[in-house]
2 protein chains.
Amino acid sequence: MCMTLRPRGRAKREPTPELLGLIAGQFRALAEPARLSILHALEGKERTVTELVELTGLGQGNLSKHLQQLHACGFVSRRRDGLFVHYALADKDVLALCEIMCHRLEADIEAEQRVVAAR
Amino acid sequence: MCMTLRPRGRAKREPTPELLGLIAGQFRALAEPARLSILHALEGKERTVTELVELTGLGQGNLSKHLQQLHACGFVSRRRDGLFVHYALADKDVLALCEIMCHRLEADIEAEQRVVAAR
DNA sequence: AACATATATTCGTATTTACTACTACAGTAA
DNA sequence: TTACTGTAGTAGTAAATACGAATATATGTT
């Protein structure tokens, strides 16, 4: 039991409120359509802030703040190149997480369709 | 590209704002320490609301609302047994999701420790 | 029926937060 | 230096939400 809500390899004990807060913070960083839109725009290649403004339709200041949040949680990396700052997906975790969520949603939709079809 | 922000097996197209909202909603359901605490209490066995009140320390009304949210997102299942309602983890997704997050946090902590150790 | 217990819901409030508009900072070029 | 561009930060505001307290509903018991 308790394999998930504590760091791996640690002693078997209750997750502290601090740890729960950290995990919740990671989820909260992804709990916003605007930030998911940013992450989607970063799939495959890195992008400058200007590019992301165009791709996402978000305002520049707003977008920048979302990027700070994603960077603070380690979901995106930053690379300065002269006047431009290039952002990129930091790892594959975002992809894995979203894939699980999409899988769940797909299952829900299919279940609903079965209910509808059964009438 | 775009393997993650749309349901599997669908045509290759941009994720709609609706889909992004649904995914964000799934993440938001997990973006709260109180709800993670509930999910942790449900690891291994189902629990009644009364049991969850004791295990989590949350108020009964507050807890019930959190349970409704988790149930609406499909993370927990409900089973009525007379006067009691038993809640349980609906699937293994929560465990997988939290494991990824814990893994990330652990990596961050280790990275910080390396920085500290290098001084 | 009345009563008791378990769970759900409503109300009011304080906190959080996403957004826009504006301003500040960083880097480049003249 | 000044001017210009890209990015980051600040202030104010409206919407979302987590919480406690109180109330309502559901089920079982007498």
# chains A, B, ... in the order shown; residues from 1 in each chain; ligands from 1
>>> closest_atom_pairs(of="stretch 15-81 of chain B", to="stretch 12-26 of chain D", cutoff="12 Å", atoms="only C-alpha atoms (C1' of nucleotides)", output="JSON lines")
{"residue": "B:Arg28", "atom": "CA", "partner": "D:DT17", "partner_atom": "C1'", "distance": 11.2}
{"residue": "B:Ala29", "atom": "CA", "partner": "D:DT17", "partner_atom": "C1'", "distance": 11.8}
{"residue": "B:Ala31", "atom": "CA", "partner": "D:DT17", "partner_atom": "C1'", "distance": 12.0}
{"residue": "B:Glu32", "atom": "CA", "partner": "D:DA18", "partner_atom": "C1'", "distance": 9.3}
{"residue": "B:Pro33", "atom": "CA", "partner": "D:DA18", "partner_atom": "C1'", "distance": 10.9}
{"residue": "B:Ala34", "atom": "CA", "partner": "D:DA18", "partner_atom": "C1'", "distance": 9.5}
{"residue": "B:Arg35", "atom": "CA", "partner": "D:DA18", "partner_atom": "C1'", "distance": 11.1}
{"residue": "B:Leu58", "atom": "CA", "partner": "D:DC19", "partner_atom": "C1'", "distance": 9.7}
{"residue": "B:Gly59", "atom": "CA", "partner": "D:DG20", "partner_atom": "C1'", "distance": 8.0}
{"residue": "B:Gln60", "atom": "CA", "partner": "D:DG20", "partner_atom": "C1'", "distance": 10.1}
{"residue": "B:Gly61", "atom": "CA", "partner": "D:DG20", "partner_atom": "C1'", "distance": 8.7}
{"residue": "B:Asn62", "atom": "CA", "partner": "D:DC19", "partner_atom": "C1'", "distance": 6.9}
{"residue": "B:Leu63", "atom": "CA", "partner": "D:DC19", "partner_atom": "C1'", "distance": 10.2}
{"residue": "B:Lys65", "atom": "CA", "partner": "D:DA18", "partner_atom": "C1'", "distance": 9.8}
{"residue": "B:His66", "atom": "CA", "partner": "D:DA18", "partner_atom": "C1'", "distance": 9.5}
{"residue": "B:Arg80", "atom": "CA", "partner": "D:DA26", "partner_atom": "C1'", "distance": 10.9}
{"residue": "B:Asp81", "atom": "CA", "partner": "D:DA26", "partner_atom": "C1'", "distance": 11.8}
>>> write_last_selection(atoms="N, CA and C atoms", output="PDB file, in the first residue's frame")
ATOM      1  N   ARG B  28      -7.271  19.092 -12.575  1.00  0.00           N
ATOM      2  CA  ARG B  28      -7.697  19.946 -11.464  1.00  0.00           C
ATOM      3  C   ARG B  28      -8.280  19.108 -10.325  1.00  0.00           C
ATOM      4  N   ALA B  29      -8.922  18.009 -10.693  1.00  0.00           N
ATOM      5  CA  ALA B  29      -9.484  17.147  -9.650  1.00  0.00           C
ATOM      6  C   ALA B  29      -8.391  16.601  -8.734  1.00  0.00           C
ATOM      7  N   ALA B  31      -5.555  18.334  -8.182  1.00  0.00           N
ATOM      8  CA  ALA B  31      -4.704  19.473  -7.843  1.00  0.00           C
ATOM      9  C   ALA B  31      -5.053  20.038  -6.478  1.00  0.00           C
ATOM     10  N   GLU B  32      -5.381  19.189  -5.552  1.00  0.00           N
ATOM     11  CA  GLU B  32      -5.811  19.631  -4.232  1.00  0.00           C
ATOM     12  C   GLU B  32      -5.324  18.631  -3.185  1.00  0.00           C
ATOM     13  N   PRO B  33      -4.529  19.101  -2.217  1.00  0.00           N
ATOM     14  CA  PRO B  33      -4.013  18.181  -1.206  1.00  0.00           C
ATOM     15  C   PRO B  33      -5.113  17.392  -0.512  1.00  0.00           C
ATOM     16  N   ALA B  34      -6.241  18.042  -0.252  1.00  0.00           N
ATOM     17  CA  ALA B  34      -7.324  17.338   0.433  1.00  0.00           C
ATOM     18  C   ALA B  34      -7.785  16.132  -0.382  1.00  0.00           C
ATOM     19  N   ARG B  35      -7.923  16.314  -1.684  1.00  0.00           N
ATOM     20  CA  ARG B  35      -8.400  15.206  -2.504  1.00  0.00           C
ATOM     21  C   ARG B  35      -7.330  14.125  -2.646  1.00  0.00           C
ATOM     22  N   LEU B  58     -10.745  15.844   7.485  1.00  0.00           N
ATOM     23  CA  LEU B  58     -11.577  16.853   6.823  1.00  0.00           C
ATOM     24  C   LEU B  58     -12.976  16.874   7.440  1.00  0.00           C
ATOM     25  N   GLY B  59     -13.634  18.028   7.328  1.00  0.00           N
ATOM     26  CA  GLY B  59     -15.011  18.107   7.771  1.00  0.00           C
ATOM     27  C   GLY B  59     -15.908  17.260   6.887  1.00  0.00           C
ATOM     28  N   GLN B  60     -17.016  16.795   7.442  1.00  0.00           N
ATOM     29  CA  GLN B  60     -17.864  15.856   6.706  1.00  0.00           C
ATOM     30  C   GLN B  60     -18.422  16.478   5.423  1.00  0.00           C
ATOM     31  N   GLY B  61     -18.953  17.674   5.536  1.00  0.00           N
ATOM     32  CA  GLY B  61     -19.529  18.316   4.358  1.00  0.00           C
ATOM     33  C   GLY B  61     -18.483  18.588   3.297  1.00  0.00           C
ATOM     34  N   ASN B  62     -17.368  19.100   3.748  1.00  0.00           N
ATOM     35  CA  ASN B  62     -16.261  19.381   2.839  1.00  0.00           C
ATOM     36  C   ASN B  62     -15.793  18.104   2.143  1.00  0.00           C
ATOM     37  N   LEU B  63     -15.623  17.072   2.937  1.00  0.00           N
ATOM     38  CA  LEU B  63     -15.189  15.786   2.387  1.00  0.00           C
ATOM     39  C   LEU B  63     -16.177  15.276   1.344  1.00  0.00           C
ATOM     40  N   LYS B  65     -18.121  16.904  -0.541  1.00  0.00           N
ATOM     41  CA  LYS B  65     -17.993  17.653  -1.795  1.00  0.00           C
ATOM     42  C   LYS B  65     -16.792  17.198  -2.598  1.00  0.00           C
ATOM     43  N   HIS B  66     -15.687  16.978  -1.905  1.00  0.00           N
ATOM     44  CA  HIS B  66     -14.509  16.489  -2.620  1.00  0.00           C
ATOM     45  C   HIS B  66     -14.802  15.131  -3.271  1.00  0.00           C
ATOM     46  N   ARG B  80     -23.428   1.944  -2.377  1.00  0.00           N
ATOM     47  CA  ARG B  80     -24.285   2.165  -1.211  1.00  0.00           C
ATOM     48  C   ARG B  80     -24.552   0.835  -0.521  1.00  0.00           C
ATOM     49  N   ASP B  81     -24.445   0.837   0.786  1.00  0.00           N
ATOM     50  CA  ASP B  81     -24.717  -0.368   1.571  1.00  0.00           C
ATOM     51  C   ASP B  81     -25.499   0.064   2.803  1.00  0.00           C
TER      52      ASP B  81
END
>>> atom_distance(atom1="atom CA of A:Leu36", atom2="atom CA of B:Ala24")
7.4 Å
>>> residues_around(residues="B:Leu97", least_positions_apart="5", cutoff="9 Å", atoms="only C-alpha atoms (C1' of nucleotides)", output="list in words")
Thr4, Ala96, Leu97 and Ile100 of chain A; Lys92 and Cys102 of chain B
>>> atom_distance(atom1="atom CA of B:Leu22", atom2="atom CA of A:Leu19")
25.9 Å
